[in-house]
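Have a look at the structure below before the remarks.
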Amino acid sequence: MDPIRIGVVGCGAIAQVHHLPNLVDLPDLFTVVGVCDLSRGAAEYAARKFHVPYALTDYRELLETDVEAVLLCQSDPKTQAAVDAFAAGKHVFIEKPMCFSLQEADRIIDACRQAGTVGQVGYMKVYDPAYEFGLSEVRGMNSIRFVQVNHLHPNNDLHMRQFDVRRFGDVPEAARAATETARKAAVNEAIGETPPAVAQAFHLLSGSMIHDLYGMRTMLGMPSQIVCSEIWFDGRAFSMTLAYPNGARCVASWVDLPDLWDFKETLEVYGDDKRVVVAYPTGFARGILSTVTVQGIGGQGVSYRQEPAIAWEGAFVRELRHFHGCIAEGVPCRTPVASARDDIALIIDVIKAYQARTVAAV
């Protein structure tokens with residue numbers, strides 16, 4: 001089969017650091033035939049740097065070409081572009097967050113079903129070799145008692161300085177205003193009118209901690225209850241306690257530490273006789289591996305600690321390989337748009353739990 005003709009919508013940091021370099025490095029699987037961005041400077045720079053035939057500023061023009069697939073990584077919301085891409089018969093890769101509201105999610109899911117094409121969400125961490133090894137270990141555990149997530153997040157600019165990421169500041173004001181209006185409408189549809197701190201927390205949950213939420217869902221299933229949720233630090237920090245049907249609890253926290261270089265993101269699963277800890281590098285890194293540590297007590301009562309060697313191929317590359325496999329070979333998608341609805345629902349419920357508690361306190 002010839003390489004899949006793909007177009008990329010959104011030429012910002014994630015496209016420049018990961019998606020475009022990775023697509024170019026997979027020439028047997030993909031040919032990037034067009035890029036698109038509201039910033040003409042960004043689109044033309046990306047086309048020039050990655051040797052893409054043409055650059056556009058309107059994704060609808062891209063959909064009118066002979067591209068077979070599109071990768072959407074533009075500023076949120078991506079809903080209308082996703083729906084239009086499916087309507088044009090394209091396979092669609094949507095970077096997280098897929099959208100903000102359940103109504104948006106349903107529009108995207110319905111459009112994907114009607115198109116009969118592949119709709120994959122950019123949940124790259126479940127394609128990480130360390131996560132996959134940890135998942136296999138957790139699924140073999142007899143009991144799970146406690147789960148902990150720590151996501152301590154510095155300013156992304158600290159890590160993006162290692163890359164030549166170009167910004168141009170030439171997005172037309174009308175286009176910028178339309179995007180902001182659509183974003184506000186989507187957030188309002190999801191959680192209603194909220195104080196700025198709550199809206200900030202919602203955006204961080206949707207844009208960053210969603211990695212931890214889908215990782216937990218894939219590994220543990222959906223929680224049965226939100227025991228509590230807390231927002232502080234003007235919406236730049238939040239935590240939640242989740243209950244699972246087997247009685248286990250998960251305590252998950254995200255904290256903005258803008259001036260601290262070290263990025264820390266761990267998923268820790270504890271059982272009666274085993275613990276599994278997966279640790280991730282910042283998403284703005286290349287060639288830095290995630291790690292997995294397994295500790296337990298063997299059959300003879302001897303404690304052990306394992307730190308398996310992890311494959312070098314990164315999660316961003318592996319998810320693109322999977323996208324190709326879904327299109328070319330009919331491989332079932334591991335991160336379909338339909339499953340992303342559960343994560344969006346959980347984020348909304350976490351915010352509503354906090355809102356209900358604060359209203360009750362008044």
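Going through the structure tokens in order, the chains are called A, B, and so on, while each chain numbers its residues from 1 and the ligands are numbered from 1 in the order shown.
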inquiry  = Residues near segment 88-90 of chain A, anyone? I mean within 10 Å using only C-alpha atoms, not counting same-chain ones fewer than 4 positions away, as a list of chain:residue names.
reply    = A:Ile6, A:Arg60, A:Leu63, A:Glu64, A:Asp66, A:Val67, A:Glu68, A:Ala69, A:Val70, A:Ala82, A:Val83, A:Asp84, A:Ala111, A:Cys112, A:Gln114, A:Ala115, A:Gly116, A:Thr117, A:Val118, A:Gly119
Give me a file of those residues, with N, CA and C atoms, as a short mmCIF file (atom, residue, chain, number, x, y, z; two decimals), in the first residue's frame.
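Output (out-v9.cif):
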data_model
loop_
_atom_site.label_atom_id
_atom_site.label_comp_id
_atom_site.auth_asym_id
_atom_site.auth_seq_id
_atom_site.Cartn_x
_atom_site.Cartn_y
_atom_site.Cartn_z
N ILE A 6 -1.59 12.54 4.19
CA ILE A 6 -2.13 13.15 5.40
C ILE A 6 -1.86 14.65 5.40
N ARG A 60 -10.71 23.95 5.58
CA ARG A 60 -11.69 23.47 4.60
C ARG A 60 -11.07 23.32 3.22
N LEU A 63 -9.39 19.97 3.24
CA LEU A 63 -10.33 18.86 3.09
C LEU A 63 -10.78 18.68 1.65
N GLU A 64 -10.64 19.69 0.83
CA GLU A 64 -11.04 19.59 -0.58
C GLU A 64 -9.96 18.94 -1.44
N ASP A 66 -6.83 15.84 -2.05
CA ASP A 66 -6.89 14.37 -2.07
C ASP A 66 -6.29 13.74 -0.82
N VAL A 67 -6.20 14.49 0.28
CA VAL A 67 -5.70 13.88 1.51
C VAL A 67 -6.66 12.78 1.95
N GLU A 68 -6.09 11.71 2.47
CA GLU A 68 -6.90 10.61 2.99
C GLU A 68 -7.15 10.74 4.48
N ALA A 69 -6.27 11.46 5.17
CA ALA A 69 -6.38 11.60 6.61
C ALA A 69 -5.93 13.00 7.01
N VAL A 70 -6.43 13.44 8.16
CA VAL A 70 -5.99 14.71 8.72
C VAL A 70 -5.63 14.51 10.18
N ALA A 82 -13.25 18.61 13.11
CA ALA A 82 -13.37 17.15 13.15
C ALA A 82 -14.63 16.69 12.43
N VAL A 83 -15.75 17.33 12.73
CA VAL A 83 -17.01 16.96 12.09
C VAL A 83 -16.92 17.16 10.58
N ASP A 84 -16.35 18.27 10.14
CA ASP A 84 -16.21 18.52 8.71
C ASP A 84 -15.28 17.52 8.04
N ALA A 111 -20.52 11.84 13.74
CA ALA A 111 -19.92 12.10 12.44
C ALA A 111 -18.96 10.99 12.04
N CYS A 112 -18.21 10.48 13.01
CA CYS A 112 -17.29 9.37 12.74
C CYS A 112 -18.04 8.12 12.32
N GLN A 114 -21.02 7.91 10.98
CA GLN A 114 -21.62 8.09 9.66
C GLN A 114 -20.58 7.98 8.55
N ALA A 115 -19.37 8.48 8.82
CA ALA A 115 -18.32 8.43 7.81
C ALA A 115 -17.77 7.02 7.62
N GLY A 116 -17.76 6.24 8.69
CA GLY A 116 -17.20 4.90 8.62
C GLY A 116 -15.68 4.90 8.48
N THR A 117 -15.06 6.00 8.88
CA THR A 117 -13.61 6.12 8.81
C THR A 117 -13.02 6.01 10.22
N VAL A 118 -11.70 6.04 10.32
CA VAL A 118 -11.03 5.93 11.61
C VAL A 118 -11.04 7.28 12.32
N GLY A 119 -11.42 7.27 13.58
CA GLY A 119 -11.33 8.44 14.42
C GLY A 119 -10.52 8.10 15.65
#
Residues within 10 Å of segment 318-320 of chain A, only C-alpha atoms, excluding chain neighbours under 5 positions, as a PyMOL selection string = chain A and resi 19+22-23+26+29-30+71+93+120-129+313+325-326+334-335
Any chance you can output those residues with C-alpha atoms as a short mmCIF file (atom, residue, chain, number, x, y, z; two decimals), in the first residue's frame?
data_model
loop_
_atom_site.label_atom_id
_atom_site.label_comp_id
_atom_site.auth_asym_id
_atom_site.auth_seq_id
_atom_site.Cartn_x
_atom_site.Cartn_y
_atom_site.Cartn_z
CA HIS A 19 3.94 15.30 14.85
CA ASN A 22 7.59 11.93 13.30
CA LEU A 23 5.45 11.84 10.17
CA LEU A 26 7.74 7.42 8.75
CA LEU A 29 3.52 5.00 6.26
CA PHE A 30 2.66 8.66 5.65
CA LEU A 71 -4.23 15.28 12.03
CA PHE A 93 -6.51 11.92 14.32
CA GLN A 120 -8.38 8.27 16.82
CA VAL A 121 -7.69 10.54 19.79
CA GLY A 122 -4.10 11.55 20.57
CA TYR A 123 -3.85 9.70 23.88
CA MET A 124 -0.18 9.01 23.37
CA LYS A 125 0.63 7.77 26.87
CA VAL A 126 -1.30 4.51 26.47
CA TYR A 127 1.06 3.73 23.56
CA ASP A 128 4.11 4.29 25.76
CA PRO A 129 6.09 1.04 26.22
CA GLU A 313 10.55 4.14 20.20
CA GLY A 325 -2.57 0.21 11.14
CA CYS A 326 -6.18 1.17 11.79
CA ARG A 334 -7.21 1.57 20.90
CA THR A 335 -8.16 5.20 21.53
#
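Shortest separation to Ala285 of chain A among A:Glu137, A:Asp25, A:Asp157, A:Asp349 occurs at residue A:Asp157, atoms counted being only C-alpha atoms.
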How close does each residue of segment 7-48 of chain A get to segment 163-168 of chain A, giving the shortest atom pair and distance in Å to one decimal for every residue with an atom at most 10 Å away, counting only C-alpha atoms, sorted by chain and residue number, as CSV?
residue,atom,partner,partner_atom,distance
A:Cys11,CA,A:Arg167,CA,9.2
A:Gly12,CA,A:Arg167,CA,7.4
A:Ala13,CA,A:Val165,CA,6.0
A:Ile14,CA,A:Val165,CA,9.2
A:Ala15,CA,A:Val165,CA,9.5
A:Gln16,CA,A:Val165,CA,6.4
A:Val17,CA,A:Phe163,CA,6.9
A:Ser39,CA,A:Phe168,CA,7.0
A:Arg40,CA,A:Phe168,CA,8.4
A:Gly41,CA,A:Phe168,CA,5.8
A:Ala42,CA,A:Phe168,CA,6.2
A:Ala43,CA,A:Phe168,CA,9.8
A:Tyr45,CA,A:Arg166,CA,8.0
A:Ala46,CA,A:Arg166,CA,9.0
key: Straight-line distance linking atom CA of Glu104 of chain A with atom CA of Thr79 of chain A, stated in Å to one decimal   =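 According to the coordinates, atom CA of Glu104 of chain A and atom CA of Thr79 of chain A are separated by 6.4 Å.
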Considering only C-alpha atoms, return as an mmCIF file with N, CA and C atoms, in the first residue's frame whatever protein or nucleic-acid residues lie within 10 Å of Phe233 of chain A, sequence-local ones (same chain, fewer than 5 positions apart) excluded.
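This went into out25.cif:
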data_model
loop_
_atom_site.group_PDB
_atom_site.id
_atom_site.type_symbol
_atom_site.label_atom_id
_atom_site.label_comp_id
_atom_site.auth_asym_id
_atom_site.auth_seq_id
_atom_site.Cartn_x
_atom_site.Cartn_y
_atom_site.Cartn_z
ATOM 1 N N ALA A 197 -11.148 30.900 38.401
ATOM 2 C CA ALA A 197 -10.305 29.819 38.925
ATOM 3 C C ALA A 197 -10.840 28.448 38.537
ATOM 4 N N ALA A 201 -9.027 25.672 36.103
ATOM 5 C CA ALA A 201 -8.847 24.262 36.470
ATOM 6 C C ALA A 201 -9.447 23.347 35.406
ATOM 7 N N PHE A 238 -5.218 21.313 41.567
ATOM 8 C CA PHE A 238 -6.447 20.609 41.920
ATOM 9 C C PHE A 238 -6.121 19.172 42.274
ATOM 10 N N VAL A 255 -0.480 20.046 39.918
ATOM 11 C CA VAL A 255 -0.050 21.319 40.499
ATOM 12 C C VAL A 255 0.863 22.034 39.518
ATOM 13 N N ASP A 256 0.600 23.308 39.298
ATOM 14 C CA ASP A 256 1.433 24.146 38.443
ATOM 15 C C ASP A 256 2.612 24.668 39.261
#
key: Minimum-distance residue to Ser143 of chain A, chosen among A:Pro3, A:Pro308, A:Gly247, A:Pro336 (using only C-alpha atoms)   =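 Of all the options, A:Gly247 lies closest to Ser143 of chain A.
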ask   = How far is it from atom CA of Asp28 of chain A to atom CA of Ile4 of chain A, in Å with one decimal?
value =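 Interatomic distance here is 8.6 Å.
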Each residue of segment 85-163 of chain A lying at most 6 Å from segment 265-268 of chain A should get a row with its shortest atom-to-atom pair and the distance in Å to one decimal, counting only C-alpha atoms; could you produce that, ordered by chain and increasing number, as a tab-separated table?
residue	atom	partner	partner_atom	distance
A:Val147	CA	A:Glu268	CA	5.5
A:Gln148	CA	A:Glu268	CA	5.1
A:Val149	CA	A:Leu267	CA	4.8
A:Asn150	CA	A:Thr266	CA	5.4
A:His151	CA	A:Glu265	CA	4.3
query = Of the candidates A:Phe316, A:Tyr131, A:Phe146, A:Tyr270, which one gets nearest to Val292 of chain A if we count only C-alpha atoms?
reply = A:Tyr131
query = Near Glu173 of chain A, counting only C-alpha atoms, which residues have an atom at most 12 Å away, once you skip same-chain residues fewer than 5 positions from it, shown as a list in words?
reply = Leu38, Ser39, Ala178, Thr179 and Glu180 of chain A
request  = Run DSSP on the backbone and grab whatever in segment 52-258 of chain A lands in strand (DSSP E); send it over as number ranges by chain.
outcome  = A: 54-56, 69-72, 91-95, 119-122, 146-153, 225-232, 237-243, 249-256
When DSSP works through the backbone of this structure, what residues of segment 208-258 of chain A end up as helix (DSSP H, G or I), shown as an mmCIF file with C-alpha atoms, in the first residue's frame?
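Result file follows (part_39.cif):
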data_model
loop_
_atom_site.group_PDB
_atom_site.id
_atom_site.type_symbol
_atom_site.label_atom_id
_atom_site.label_comp_id
_atom_site.auth_asym_id
_atom_site.auth_seq_id
_atom_site.Cartn_x
_atom_site.Cartn_y
_atom_site.Cartn_z
ATOM 1 C CA SER A 208 -3.011 18.249 30.686
ATOM 2 C CA MET A 209 -4.364 15.973 33.401
ATOM 3 C CA ILE A 210 -6.507 14.230 30.824
ATOM 4 C CA HIS A 211 -3.386 12.132 30.160
ATOM 5 C CA ASP A 212 -3.635 10.764 33.687
ATOM 6 C CA LEU A 213 -7.400 10.280 33.505
ATOM 7 C CA TYR A 214 -7.401 8.193 30.333
ATOM 8 C CA GLY A 215 -4.408 6.233 31.625
ATOM 9 C CA MET A 216 -6.317 5.389 34.797
ATOM 10 C CA ARG A 217 -9.473 4.554 32.832
ATOM 11 C CA THR A 218 -7.626 2.206 30.490
ATOM 12 C CA MET A 219 -5.869 0.514 33.401
ATOM 13 C CA LEU A 220 -8.592 0.480 36.068
ATOM 14 C CA PHE A 233 -3.973 28.285 43.805
ATOM 15 C CA ASP A 234 -6.318 30.302 41.545
ATOM 16 C CA GLY A 235 -7.207 27.197 39.560
#
request  = Could you please determine the separation between atom CA of Leu56 of chain A and atom CA of Gly169 of chain A in Å, to one decimal place?
outcome  =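 About the pair atom CA of Leu56 of chain A and atom CA of Gly169 of chain A: they are 16.1 Å apart.
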inquiry  = Please determine, counting only C-alpha atoms, which residue among A:Phe50, A:Tyr280, A:Phe323, A:Tyr244 has the shortest atom-to-atom distance to Ala130 of chain A.
reply    =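 Closest residue, counting only C-alpha atoms: A:Tyr280.
Comparing the minimum interatomic distances between Lys78 of chain A and each of A:Arg107, A:Trp232, A:Gly271, A:Tyr54, counting only C-alpha atoms, we find that A:Arg107 sits nearest.
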